[in-house]
$ cat input35.txt   # compact mmCIF, C-alpha atoms
# COMPACT_ATOMS: atom_id res chain seq x y z
CA MET U 3 0.00 0.00 0.00
CA ILE U 4 1.12 3.53 -0.73
CA PHE U 5 0.55 5.68 2.36
CA ARG U 6 1.56 9.28 3.03
CA GLN U 7 0.84 11.40 6.09
CA LEU U 8 0.86 15.10 5.22
CA PHE U 9 0.84 18.02 7.65
CA ASP U 10 -0.50 21.58 7.57
CA GLN U 11 1.43 23.51 10.20
CA VAL U 12 -0.98 26.47 10.35
CA SER U 13 -4.01 24.41 11.41
CA GLY U 14 -2.21 21.38 12.84
CA THR U 15 -4.09 19.18 10.37
CA TYR U 16 -2.99 15.77 9.15
CA SER U 17 -4.13 14.64 5.70
CA TYR U 18 -3.63 11.11 4.42
CA LEU U 19 -3.04 9.89 0.87
CA LEU U 20 -3.71 6.20 0.24
CA ALA U 21 -3.44 3.91 -2.78
CA SER U 22 -2.97 0.20 -3.31
CA ARG U 23 -0.28 0.46 -5.97
CA LYS U 24 1.76 2.78 -8.15
CA GLY U 25 -0.27 3.80 -11.18
CA GLY U 26 -3.55 3.06 -9.40
CA GLU U 27 -6.45 4.90 -7.83
CA ALA U 28 -5.91 7.04 -4.73
CA LEU U 29 -7.98 8.74 -2.06
CA ILE U 30 -7.14 11.55 0.33
CA ILE U 31 -8.59 12.06 3.82
CA ASP U 32 -9.07 15.54 5.36
CA PRO U 33 -7.34 17.69 2.73
CA VAL U 34 -6.56 21.37 3.49
CA LEU U 35 -7.27 23.99 0.81
CA GLU U 36 -3.86 25.68 1.02
CA LYS U 37 -2.07 22.35 0.47
CA VAL U 38 -4.00 21.23 -2.63
CA ASP U 39 -1.18 21.96 -5.08
CA ARG U 40 1.24 19.96 -2.89
CA TYR U 41 -1.17 17.00 -2.81
CA LEU U 42 -1.51 17.07 -6.58
CA GLN U 43 2.26 17.27 -7.05
CA LEU U 44 2.64 14.17 -4.87
CA VAL U 45 -0.11 12.37 -6.78
CA ARG U 46 1.78 13.04 -10.00
CA GLU U 47 5.14 12.00 -8.52
CA LEU U 48 3.67 8.70 -7.30
CA ASP U 49 1.90 8.13 -10.63
CA LEU U 50 -1.53 7.96 -9.00
CA ARG U 51 -5.05 8.96 -10.02
CA LEU U 52 -6.98 10.75 -7.31
CA VAL U 53 -10.56 9.45 -7.40
CA LYS U 54 -11.94 10.33 -3.94
CA ALA U 55 -11.45 13.18 -1.47
CA VAL U 56 -12.92 12.56 1.98
CA ASP U 57 -13.59 14.69 5.06
CA THR U 58 -14.06 12.92 8.39
CA HIS U 59 -16.36 15.78 9.49
CA LEU U 60 -17.17 19.44 8.86
CA HIS U 61 -13.98 21.17 9.97
CA ALA U 62 -13.95 24.40 11.97
CA ASP U 63 -10.22 25.20 11.94
CA HIS U 64 -9.40 25.16 8.23
CA ILE U 65 -11.10 25.35 4.86
CA THR U 66 -11.40 21.95 3.25
CA GLY U 67 -9.62 21.08 0.04
CA LEU U 68 -12.52 18.93 -1.20
CA GLY U 69 -13.94 21.45 -3.66
CA ALA U 70 -10.58 22.46 -5.11
CA LEU U 71 -9.50 18.84 -5.57
CA ARG U 72 -12.79 18.03 -7.28
CA ASP U 73 -12.42 20.99 -9.63
CA LYS U 74 -8.83 20.09 -10.51
CA THR U 75 -9.17 16.29 -10.80
CA GLN U 76 -12.93 15.55 -11.18
CA CYS U 77 -12.62 13.29 -8.11
CA VAL U 78 -15.62 12.26 -6.03
CA THR U 79 -16.13 14.26 -2.83
CA VAL U 80 -17.18 12.18 0.18
CA MET U 81 -18.61 12.88 3.64
CA GLY U 82 -21.02 11.27 6.07
CA GLU U 83 -24.75 11.44 5.45
CA GLN U 84 -25.28 13.76 8.44
CA THR U 85 -23.09 16.54 7.03
CA LYS U 86 -24.46 20.07 6.65
CA ALA U 87 -22.28 20.64 3.57
CA ASP U 88 -24.48 21.72 0.67
CA VAL U 89 -23.49 19.06 -1.85
CA VAL U 90 -20.94 16.28 -1.78
CA SER U 91 -20.82 13.60 -4.45
CA MET U 92 -21.19 10.66 -2.07
CA ARG U 93 -22.58 10.43 1.44
CA LEU U 94 -21.56 7.48 3.59
CA SER U 95 -23.47 5.71 6.35
CA ASP U 96 -22.35 3.58 9.27
CA GLY U 97 -21.37 0.14 7.99
CA ASP U 98 -20.55 1.28 4.45
CA LYS U 99 -17.25 0.69 2.68
CA LEU U 100 -15.08 3.54 1.39
CA ALA U 101 -13.50 1.82 -1.58
CA ILE U 102 -10.99 2.48 -4.32
CA GLU U 103 -9.10 0.00 -6.48
CA GLY U 104 -7.40 -2.49 -4.15
CA LEU U 105 -8.49 -0.84 -0.87
CA ALA U 106 -11.70 -0.83 1.15
CA LEU U 107 -12.02 1.04 4.42
CA ASP U 108 -14.77 0.22 6.91
CA VAL U 109 -16.94 3.23 7.66
CA ILE U 110 -18.11 3.83 11.23
CA TYR U 111 -20.19 6.72 12.55
CA THR U 112 -18.40 8.23 15.55
CA PRO U 113 -20.31 11.38 16.56
CA GLY U 114 -19.48 13.53 19.54
CA HIS U 115 -16.92 16.06 18.34
CA THR U 116 -19.51 17.00 15.72
CA ASP U 117 -22.75 15.33 14.72
CA ASP U 118 -21.27 14.32 11.33
CA SER U 119 -18.00 12.72 12.54
CA TYR U 120 -16.87 9.46 10.94
CA SER U 121 -13.86 7.18 11.31
CA PHE U 122 -12.37 4.90 8.64
CA ILE U 123 -10.77 1.54 9.39
CA LEU U 124 -8.20 -0.60 7.61
CA PRO U 125 -7.06 -3.93 9.14
CA ASP U 126 -4.03 -2.37 10.84
CA ARG U 127 -5.04 1.27 11.30
CA VAL U 128 -7.91 3.68 11.93
CA PHE U 129 -8.37 7.28 10.78
CA THR U 130 -10.21 8.87 13.69
CA GLY U 131 -10.73 12.44 12.53
CA ASP U 132 -11.14 14.57 15.66
CA THR U 133 -13.00 11.91 17.64
CA LEU U 134 -9.93 10.29 19.22
CA LEU U 135 -6.66 12.23 19.22
CA ILE U 136 -3.21 11.28 20.45
CA ARG U 137 -3.39 11.69 24.24
CA GLY U 138 -6.60 13.66 23.84
CA THR U 139 -10.10 13.74 22.35
CA GLY U 140 -11.88 16.26 20.16
CA ARG U 141 -13.79 19.04 21.90
CA THR U 142 -17.57 18.65 22.04
CA ASP U 143 -18.83 22.20 22.60
CA PHE U 144 -19.91 23.28 19.10
CA GLN U 145 -21.38 21.96 15.83
CA ASN U 146 -23.88 19.81 17.72
CA GLY U 147 -21.09 18.10 19.63
CA ASP U 148 -22.11 15.85 22.48
CA PRO U 149 -19.75 14.38 25.11
CA ARG U 150 -22.10 11.45 25.75
CA GLN U 151 -22.11 10.53 22.08
CA GLN U 152 -18.34 10.90 21.99
CA TYR U 153 -17.94 8.61 24.99
CA GLU U 154 -19.99 5.96 23.20
CA SER U 155 -18.02 6.47 19.96
CA ILE U 156 -14.70 6.06 21.74
CA PHE U 157 -15.41 3.47 24.41
CA GLY U 158 -18.15 1.61 22.55
CA ARG U 159 -16.48 1.47 19.15
CA LEU U 160 -12.93 2.71 18.67
CA LEU U 161 -11.41 1.22 21.83
CA LYS U 162 -12.88 -2.17 20.92
CA LEU U 163 -10.42 -2.36 18.00
CA PRO U 164 -7.30 -4.51 18.60
CA ASN U 165 -4.73 -2.85 20.85
CA GLU U 166 -2.10 -2.86 18.08
CA THR U 167 -4.33 -0.85 15.71
CA LEU U 168 -2.53 2.32 14.63
CA ILE U 169 -4.35 5.60 15.25
CA TYR U 170 -4.03 8.37 12.68
CA PRO U 171 -5.96 11.48 13.81
CA ALA U 172 -6.94 14.58 11.84
CA HIS U 173 -5.01 16.89 14.16
CA ASP U 174 -2.11 17.08 16.53
CA TYR U 175 -0.60 20.20 18.09
CA LYS U 176 2.42 18.67 19.82
CA GLY U 177 4.19 16.96 16.93
CA GLU U 178 2.89 13.45 17.58
CA THR U 179 2.22 11.55 14.36
CA VAL U 180 0.74 8.17 15.30
CA SER U 181 -0.39 6.16 18.28
CA THR U 182 -2.15 2.85 18.94
CA ILE U 183 -5.40 1.84 20.56
CA GLY U 184 -3.45 0.15 23.36
CA GLU U 185 -1.35 3.25 24.03
CA GLU U 186 -4.39 5.50 24.24
CA LYS U 187 -6.18 3.12 26.58
CA ALA U 188 -3.17 3.23 28.88
CA PHE U 189 -1.94 6.81 28.61
CA ASN U 190 -4.65 9.13 27.23
CA PRO U 191 -5.65 11.18 30.31
CA ARG U 192 -9.22 11.70 29.11
CA LEU U 193 -9.77 7.95 28.84
CA GLN U 194 -8.83 7.22 32.44
CA VAL U 195 -12.43 7.68 33.59
CA LYS U 196 -14.70 5.24 35.41
CA SER U 197 -18.00 6.36 33.88
CA MET U 198 -19.68 8.33 31.12
CA GLU U 199 -20.66 11.02 33.64
CA GLU U 200 -17.03 11.53 34.63
CA TYR U 201 -16.08 11.92 30.97
CA VAL U 202 -18.95 14.38 30.40
CA GLU U 203 -17.80 16.41 33.41
CA ILE U 204 -14.28 16.68 31.94
CA MET U 205 -15.49 17.68 28.46
CA ASN U 206 -18.01 20.23 29.74
CA ASN U 207 -15.34 22.08 31.71
CA LEU U 208 -12.53 22.46 29.17
CA LYS U 209 -13.30 26.18 28.66
CA LEU U 210 -11.51 26.34 25.30
CA ALA U 211 -11.51 29.36 23.02
CA ASN U 212 -13.16 28.90 19.62
CA PRO U 213 -10.84 27.91 16.75
CA LYS U 214 -9.37 31.03 15.13
CA MET U 215 -10.74 30.08 11.72
CA MET U 216 -14.17 28.94 12.92
CA ASP U 217 -16.23 31.91 11.68
CA VAL U 218 -14.66 31.58 8.23
CA ALA U 219 -14.11 27.83 7.91
CA VAL U 220 -17.52 26.50 8.92
CA PRO U 221 -19.56 28.63 6.45
CA ALA U 222 -17.00 27.97 3.70
CA ASN U 223 -17.02 24.23 4.34
CA MET U 224 -20.80 24.15 4.13
CA LYS U 225 -20.58 25.53 0.58
CA VAL U 226 -18.30 23.08 -1.21
CA GLY U 227 -20.85 21.88 -3.77
CA LEU U 228 -20.27 22.03 -7.50
CA HIS U 229 -22.46 24.72 -9.03
CA GLN U 230 -24.83 22.79 -11.26
CA GLU U 231 -26.41 26.01 -12.58
CA GLU U 232 -23.78 26.34 -15.33
CA ILE U 233 -24.62 22.89 -16.69
CA ALA U 234 -28.31 23.83 -16.66
CA ARG U 235 -27.59 27.17 -18.36
CA ARG U 236 -25.99 25.32 -21.25
CA GLY U 237 -29.14 23.26 -21.71
CA TRP U 238 -27.59 19.99 -20.48
CA ALA U 239 -29.83 19.43 -17.45
CA VAL U 240 -33.39 18.38 -16.71
CA THR U 241 -35.22 18.61 -13.43
CA ALA U 242 -36.41 15.45 -11.73
CA VAL U 243 -39.99 16.31 -12.71
CA GLU U 244 -38.96 16.71 -16.35
CA ALA U 245 -37.03 13.44 -16.15
CA LEU U 246 -40.21 11.59 -15.11
CA ALA U 247 -41.63 12.28 -18.56
CA LEU U 248 -38.45 11.16 -20.35
CA VAL U 249 -37.36 7.89 -18.79
CA ASP U 250 -39.76 5.61 -20.68
CA LYS U 251 -38.98 7.10 -24.08
CA PRO U 252 -37.04 4.78 -26.43
CA ASP U 253 -34.62 7.54 -27.43
CA VAL U 254 -33.41 8.14 -23.86
CA ALA U 255 -30.77 6.03 -22.11
CA LEU U 256 -30.58 6.53 -18.35
CA ILE U 257 -27.05 6.10 -16.92
CA ASP U 258 -26.53 5.47 -13.19
CA LEU U 259 -23.07 6.69 -12.13
CA ARG U 260 -23.21 5.54 -8.51
CA GLU U 261 -21.31 2.69 -6.91
CA HIS U 262 -22.80 -0.73 -6.14
CA SER U 263 -23.15 0.03 -2.43
CA GLU U 264 -25.13 3.20 -3.12
CA ARG U 265 -27.48 1.37 -5.47
CA GLU U 266 -28.09 -1.37 -2.93
CA ARG U 267 -28.79 1.09 -0.14
CA HIS U 268 -30.85 3.70 -1.98
CA GLY U 269 -32.36 1.83 -4.92
CA ILE U 270 -32.23 2.48 -8.66
CA ILE U 271 -34.39 4.10 -11.30
CA PRO U 272 -35.96 1.26 -13.34
CA GLY U 273 -34.30 0.67 -16.69
CA ALA U 274 -31.07 2.49 -15.88
CA ILE U 275 -27.71 1.28 -17.17
CA HIS U 276 -25.08 1.03 -14.42
CA LEU U 277 -21.73 2.56 -15.39
CA PRO U 278 -19.84 3.85 -12.32
CA TYR U 279 -18.38 7.34 -12.49
CA THR U 280 -14.85 5.99 -12.00
CA ARG U 281 -15.11 4.33 -15.42
CA LEU U 282 -16.55 7.36 -17.17
CA GLN U 283 -13.51 8.35 -19.22
CA GLU U 284 -13.13 4.96 -20.89
CA ASN U 285 -16.86 4.88 -21.67
CA ILE U 286 -17.10 8.33 -23.26
CA ALA U 287 -13.88 8.04 -25.28
CA ALA U 288 -14.03 7.09 -28.96
CA GLY U 289 -14.84 3.39 -29.07
CA GLY U 290 -16.20 3.44 -25.51
CA MET U 291 -19.64 2.10 -24.72
CA LEU U 292 -21.39 5.44 -24.16
CA HIS U 293 -19.68 7.14 -27.07
CA GLU U 294 -20.75 4.36 -29.43
CA LEU U 295 -24.25 4.18 -27.93
CA ALA U 296 -24.81 7.86 -28.58
CA ARG U 297 -23.28 7.69 -32.07
CA SER U 298 -25.05 4.60 -33.33
CA THR U 299 -28.51 5.09 -31.82
CA SER U 300 -28.85 8.87 -31.46
CA LYS U 301 -30.10 8.25 -27.93
CA GLN U 302 -30.01 11.05 -25.40
CA LEU U 303 -27.73 10.00 -22.52
CA LEU U 304 -29.21 11.10 -19.22
CA PHE U 305 -26.76 10.72 -16.32
CA TYR U 306 -27.73 10.60 -12.68
CA CYS U 307 -25.96 10.05 -9.37
CA ALA U 308 -26.77 10.67 -5.70
CA PHE U 309 -27.10 14.46 -5.62
CA GLY U 310 -26.17 15.66 -9.11
CA GLU U 311 -22.50 16.51 -8.59
CA ARG U 312 -20.93 13.49 -10.28
CA SER U 313 -23.49 13.62 -13.08
CA ALA U 314 -22.81 17.32 -13.71
CA MET U 315 -19.08 16.57 -14.02
CA ALA U 316 -19.92 13.62 -16.27
CA VAL U 317 -21.99 15.79 -18.59
CA GLN U 318 -19.16 18.28 -19.00
CA ALA U 319 -16.67 15.48 -19.65
CA ALA U 320 -18.98 13.79 -22.15
CA GLN U 321 -19.62 17.03 -24.01
CA ASP U 322 -15.87 17.68 -24.11
CA ALA U 323 -15.45 14.17 -25.59
CA GLY U 324 -17.92 14.97 -28.37
CA VAL U 325 -20.98 13.24 -26.89
CA ALA U 326 -23.38 16.07 -27.65
CA SER U 327 -26.49 14.24 -26.43
CA ALA U 328 -25.32 14.03 -22.82
CA GLY U 329 -27.40 15.56 -20.04
CA HIS U 330 -28.18 14.89 -16.40
CA ILE U 331 -30.88 14.93 -13.75
CA GLU U 332 -30.35 17.91 -11.46
CA GLY U 333 -30.15 16.88 -7.84
CA GLY U 334 -29.69 13.19 -8.67
CA ILE U 335 -31.73 10.36 -7.24
CA ASP U 336 -32.34 12.47 -4.13
CA ALA U 337 -34.37 14.93 -6.23
CA TRP U 338 -35.96 12.04 -8.16
CA LYS U 339 -37.33 10.52 -4.94
CA LYS U 340 -38.64 13.90 -3.78
CA ALA U 341 -40.47 14.25 -7.11
CA GLY U 342 -42.18 10.89 -6.55
CA GLY U 343 -40.15 8.99 -9.15
CA PRO U 344 -40.32 5.18 -9.00
CA ILE U 345 -37.48 3.32 -7.28
CA MET U 346 -36.58 -0.34 -7.72
CA ARG U 347 -34.60 -2.29 -5.09
$ encode --input "input35.txt" --output "structure tokens"
Amino acid sequence: MIFRQLFDQVSGTYSYLLASRKGGEALIIDPVLEKVDRYLQLVRELDLRLVKAVDTHLHADHITGLGALRDKTQCVTVMGEQTKADVVSMRLSDGDKLAIEGLALDVIYTPGHTDDSYSFILPDRVFTGDTLLIRGTGRTDFQNGDPRQQYESIFGRLLKLPNETLIYPAHDYKGETVSTIGEEKAFNPRLQVKSMEEYVEIMNNLKLANPKMMDVAVPANMKVGLHQEEIARRGWAVTAVEALALVDKPDVALIDLREHSERERHGIIPGAIHLPYTRLQENIAAGGMLHELARSTSKQLLFYCAFGERSAMAVQAAQDAGVASAGHIEGGIDAWKKAGGPIMR
């Protein structure tokens, strides 16, 4: 596995780049906006293709790099389903897998620091965001934080991992880079409590100042969505209501860009062809399935995804590749369901 831990000194943030092999797909966890060019340089140097950018939660101390990475690489942006961010390409739930070629991380919901906090687990390591830090735990006094929820997330979930599991947090302010579950059980002062109430008492009396960037970072991080209005302005979008009248027409091919896990959890639009977004480029290139389908049948290709972000990027890419009949459903299957569209499971 290719693994790099990257540090932003200003915010004390750790970001993590992972891939299974040179030349393969990569994902990044908790990217910082100011470091995006450095991440992309490293991706190029390691001969990787960034396909997913993930935030463990809505950050208050720095502006996320999710939007910039998406705009520069057309990667999928990922957060938990509870996030207040306006649009991310993929929203994960407890028990899901965060997967790229050759790697699959277990997804667990670990609220407490914020109400949208998630951790991601590989067999030998866990990325804990701000839920469990090295010799500390994330504060619980804003963004719907809750010390009781955090106690359950830490003691009920994270500390049940094997003692040798490596801990990679989203932040550290003392220069520590990694710990283990066993170390934190033994030496983390906030974990040496005998009850939830004792933990709550500690967390409710920290009296910490707000993060310096909080008033800027939180609003900015809630507005990371791709602006789909430009795709609509060019005439390449239909609303979910308009799509209801199109899907049964023989000259329309509906293309589902989501991953298998999303389709299983949220259902599909009947009659849709499944072609995951990660395979888009090969399918829209000359000789690719979608390119040939559009050329030989004159069908309109109507993309959809979860919330419209991936499908908007797909439309632009398809148009750039000469597939002039490409369009998408604004708001994705989320908007389709709200419009009363049929779903098959």
$ residues_around --input "input35.txt" --residues "Ser181 of chain U" --least-positions-apart "2" --cutoff "12 Å" --atoms "all atoms listed in the file" --output "list in words"
Asp126, Arg127, Val128, Phe129, Thr130, Leu134, Leu135, Ile136, Arg137, Gly138, Asn165, Glu166, Thr167, Leu168, Ile169, Tyr170, Pro171, Asp174, Gly177, Glu178, Thr179, Ile183, Gly184, Glu185, Glu186, Lys187, Ala188, Phe189 and Asn190 of chain U
$ residues_around --input "input35.txt" --residues "Pro33 of chain U" --least-positions-apart "6" --cutoff "6 Å" --atoms "all atoms listed in the file" --output "mmCIF file with C-alpha atoms, in the coordinates of the input"
data_model
loop_
_atom_site.group_PDB
_atom_site.id
_atom_site.type_symbol
_atom_site.label_atom_id
_atom_site.label_comp_id
_atom_site.auth_asym_id
_atom_site.auth_seq_id
_atom_site.Cartn_x
_atom_site.Cartn_y
_atom_site.Cartn_z
ATOM 1 C CA SER U 17 -4.130 14.640 5.700
ATOM 2 C CA THR U 66 -11.400 21.950 3.250
ATOM 3 C CA GLY U 67 -9.620 21.080 0.040
#
$ residues_near_point --input "input35.txt" --point "(-20.3, 25.4, 11.0)" --cutoff "8 Å" --atoms "only C-alpha atoms" --output "list in words"
Leu60, His61, Ala62, Gln145, Met216, Asp217, Ala219, Val220, Pro221, Asn223 and Met224 of chain U
$ write_last_selection --input "input35.txt" --atoms "C-alpha atoms" --output "tab-separated table (two decimals), keeping the file's coordinate frame"
chain	number	residue	atom	x	y	z
U	60	LEU	CA	-17.17	19.44	8.86
U	61	HIS	CA	-13.98	21.17	9.97
U	62	ALA	CA	-13.95	24.40	11.97
U	145	GLN	CA	-21.38	21.96	15.83
U	216	MET	CA	-14.17	28.94	12.92
U	217	ASP	CA	-16.23	31.91	11.68
U	219	ALA	CA	-14.11	27.83	7.91
U	220	VAL	CA	-17.52	26.50	8.92
U	221	PRO	CA	-19.56	28.63	6.45
U	223	ASN	CA	-17.02	24.23	4.34
U	224	MET	CA	-20.80	24.15	4.13
$ closest_atom_pairs --input "input35.txt" --of "segment 230-285 of chain U" --to "segment 294-304 of chain U" --cutoff "7 Å" --atoms "all atoms listed in the file" --output "tab-separated table"
residue	atom	partner	partner_atom	distance
U:Asp253	CA	U:Lys301	CA	4.6
U:Val254	CA	U:Gln302	CA	4.7
U:Ala255	CA	U:Leu303	CA	5.0
U:Leu256	CA	U:Leu304	CA	4.8
U:Ile257	CA	U:Leu304	CA	5.9
$ residues_around --input "input35.txt" --residues "Pro278 of chain U" --least-positions-apart "6" --cutoff "7 Å" --atoms "only C-alpha atoms" --output "MDAnalysis selection string"
chainID U and resid 258:261
$ closest_atom_pairs --input "input35.txt" --of "segment 262-338 of chain U" --to "segment 86-107 of chain U" --cutoff "7 Å" --atoms "all atoms listed in the file" --output "CSV"
residue,atom,partner,partner_atom,distance
U:Ala308,CA,U:Met92,CA,6.7
U:Phe309,CA,U:Ser91,CA,6.4
U:Glu311,CA,U:Ser91,CA,5.3
U:Arg312,CA,U:Ser91,CA,5.8
$ atom_distance --input "input35.txt" --atom1 "atom CA of Gly329 of chain U" --atom2 "atom CA of Val240 of chain U"
7.4 Å
$ atom_distance --input "input35.txt" --atom1 "atom CA of Asp132 of chain U" --atom2 "atom CA of Lys225 of chain U"
20.9 Å
$ atom_distance --input "input35.txt" --atom1 "atom CA of Lys176 of chain U" --atom2 "atom CA of Glu47 of chain U"
29.2 Å
$ closest_residue --input "input35.txt" --among "U:Pro164, U:Gly131, U:Pro125, U:Gly114" --to "Arg150 of chain U" --atoms "all atoms listed in the file"
U:Gly114
$ axis_aligned_box --input "input35.txt" --around "segment 68-81 of chain U" --padding-each-side "8 Å" --output "lines of an AutoDock Vina configuration file"
center_x = -13.7
center_y = 17.3
center_z = -3.8
size_x = 25.8
size_y = 26.3
size_z = 30.8
$ closest_residue --input "input35.txt" --among "U:Val195, U:Leu35, U:Met315, U:Ile271" --to "Gly342 of chain U" --atoms "only C-alpha atoms"
U:Ile271
$ closest_residue --input "input35.txt" --among "U:Arg347, U:Val56, U:Arg72, U:Phe144" --to "Ser263 of chain U" --atoms "all atoms listed in the file"
U:Arg347
$ residues_near_point --input "input35.txt" --point "(-0.1, 10.5, 2.3)" --cutoff "12 Å" --atoms "all atoms listed in the file" --output "PyMOL selection string"
chain U and resi 3-9+16-21+28-33+40-45+48+50+52+170
$ write_last_selection --input "input35.txt" --atoms "C-alpha atoms" --output "mmCIF file, keeping the file's coordinate frame"
data_model
loop_
_atom_site.group_PDB
_atom_site.id
_atom_site.type_symbol
_atom_site.label_atom_id
_atom_site.label_comp_id
_atom_site.auth_asym_id
_atom_site.auth_seq_id
_atom_site.Cartn_x
_atom_site.Cartn_y
_atom_site.Cartn_z
ATOM 1 C CA MET U 3 0.000 0.000 0.000
ATOM 2 C CA ILE U 4 1.120 3.530 -0.730
ATOM 3 C CA PHE U 5 0.550 5.680 2.360
ATOM 4 C CA ARG U 6 1.560 9.280 3.030
ATOM 5 C CA GLN U 7 0.840 11.400 6.090
ATOM 6 C CA LEU U 8 0.860 15.100 5.220
ATOM 7 C CA PHE U 9 0.840 18.020 7.650
ATOM 8 C CA TYR U 16 -2.990 15.770 9.150
ATOM 9 C CA SER U 17 -4.130 14.640 5.700
ATOM 10 C CA TYR U 18 -3.630 11.110 4.420
ATOM 11 C CA LEU U 19 -3.040 9.890 0.870
ATOM 12 C CA LEU U 20 -3.710 6.200 0.240
ATOM 13 C CA ALA U 21 -3.440 3.910 -2.780
ATOM 14 C CA ALA U 28 -5.910 7.040 -4.730
ATOM 15 C CA LEU U 29 -7.980 8.740 -2.060
ATOM 16 C CA ILE U 30 -7.140 11.550 0.330
ATOM 17 C CA ILE U 31 -8.590 12.060 3.820
ATOM 18 C CA ASP U 32 -9.070 15.540 5.360
ATOM 19 C CA PRO U 33 -7.340 17.690 2.730
ATOM 20 C CA ARG U 40 1.240 19.960 -2.890
ATOM 21 C CA TYR U 41 -1.170 17.000 -2.810
ATOM 22 C CA LEU U 42 -1.510 17.070 -6.580
ATOM 23 C CA GLN U 43 2.260 17.270 -7.050
ATOM 24 C CA LEU U 44 2.640 14.170 -4.870
ATOM 25 C CA VAL U 45 -0.110 12.370 -6.780
ATOM 26 C CA LEU U 48 3.670 8.700 -7.300
ATOM 27 C CA LEU U 50 -1.530 7.960 -9.000
ATOM 28 C CA LEU U 52 -6.980 10.750 -7.310
ATOM 29 C CA TYR U 170 -4.030 8.370 12.680
#
$ closest_residue --input "input35.txt" --among "U:Gly334, U:Gly82, U:Gly14, U:Pro344" --to "Tyr120 of chain U" --atoms "only C-alpha atoms"
U:Gly82
$ closest_residue --input "input35.txt" --among "U:Ala172, U:Thr75, U:Ile233, U:Gln151" --to "Met198 of chain U" --atoms "all atoms listed in the file"
U:Gln151
$ decode --input "input35.txt" --residues "segment 110-122 of chain U" --atoms "N, CA and C atoms" --output "PDB file, in the first residue's frame"
ATOM      1  N   ILE U 110     -17.331   3.849   9.997  1.00  0.00           N
ATOM      2  CA  ILE U 110     -18.108   3.825  11.230  1.00  0.00           C
ATOM      3  C   ILE U 110     -18.460   5.257  11.653  1.00  0.00           C
ATOM      4  N   TYR U 111     -19.689   5.431  12.087  1.00  0.00           N
ATOM      5  CA  TYR U 111     -20.188   6.715  12.547  1.00  0.00           C
ATOM      6  C   TYR U 111     -19.737   6.922  13.986  1.00  0.00           C
ATOM      7  N   THR U 112     -18.955   7.977  14.220  1.00  0.00           N
ATOM      8  CA  THR U 112     -18.395   8.227  15.549  1.00  0.00           C
ATOM      9  C   THR U 112     -18.686   9.666  15.982  1.00  0.00           C
ATOM     10  N   PRO U 113     -19.957  10.009  16.203  1.00  0.00           N
ATOM     11  CA  PRO U 113     -20.311  11.382  16.559  1.00  0.00           C
ATOM     12  C   PRO U 113     -19.852  11.749  17.959  1.00  0.00           C
ATOM     13  N   GLY U 114     -19.872  13.026  18.232  1.00  0.00           N
ATOM     14  CA  GLY U 114     -19.484  13.534  19.541  1.00  0.00           C
ATOM     15  C   GLY U 114     -18.711  14.827  19.408  1.00  0.00           C
ATOM     16  N   HIS U 115     -17.622  14.804  18.645  1.00  0.00           N
ATOM     17  CA  HIS U 115     -16.918  16.060  18.341  1.00  0.00           C
ATOM     18  C   HIS U 115     -17.846  16.949  17.530  1.00  0.00           C
ATOM     19  N   THR U 116     -18.414  16.392  16.476  1.00  0.00           N
ATOM     20  CA  THR U 116     -19.509  17.002  15.722  1.00  0.00           C
ATOM     21  C   THR U 116     -20.550  15.918  15.495  1.00  0.00           C
ATOM     22  N   ASP U 117     -21.703  16.338  14.973  1.00  0.00           N
ATOM     23  CA  ASP U 117     -22.746  15.330  14.721  1.00  0.00           C
ATOM     24  C   ASP U 117     -22.569  14.631  13.384  1.00  0.00           C
ATOM     25  N   ASP U 118     -21.503  14.974  12.629  1.00  0.00           N
ATOM     26  CA  ASP U 118     -21.268  14.320  11.335  1.00  0.00           C
ATOM     27  C   ASP U 118     -19.900  13.647  11.294  1.00  0.00           C
ATOM     28  N   SER U 119     -19.354  13.293  12.464  1.00  0.00           N
ATOM     29  CA  SER U 119     -17.998  12.725  12.537  1.00  0.00           C
ATOM     30  C   SER U 119     -17.990  11.233  12.201  1.00  0.00           C
ATOM     31  N   TYR U 120     -17.063  10.854  11.335  1.00  0.00           N
ATOM     32  CA  TYR U 120     -16.873   9.459  10.942  1.00  0.00           C
ATOM     33  C   TYR U 120     -15.420   9.060  11.118  1.00  0.00           C
ATOM     34  N   SER U 121     -15.198   7.755  11.300  1.00  0.00           N
ATOM     35  CA  SER U 121     -13.856   7.177  11.309  1.00  0.00           C
ATOM     36  C   SER U 121     -13.789   6.110  10.225  1.00  0.00           C
ATOM     37  N   PHE U 122     -12.569   5.842   9.746  1.00  0.00           N
ATOM     38  CA  PHE U 122     -12.374   4.901   8.645  1.00  0.00           C
ATOM     39  C   PHE U 122     -11.298   3.895   9.029  1.00  0.00           C
TER      40      PHE U 122
END
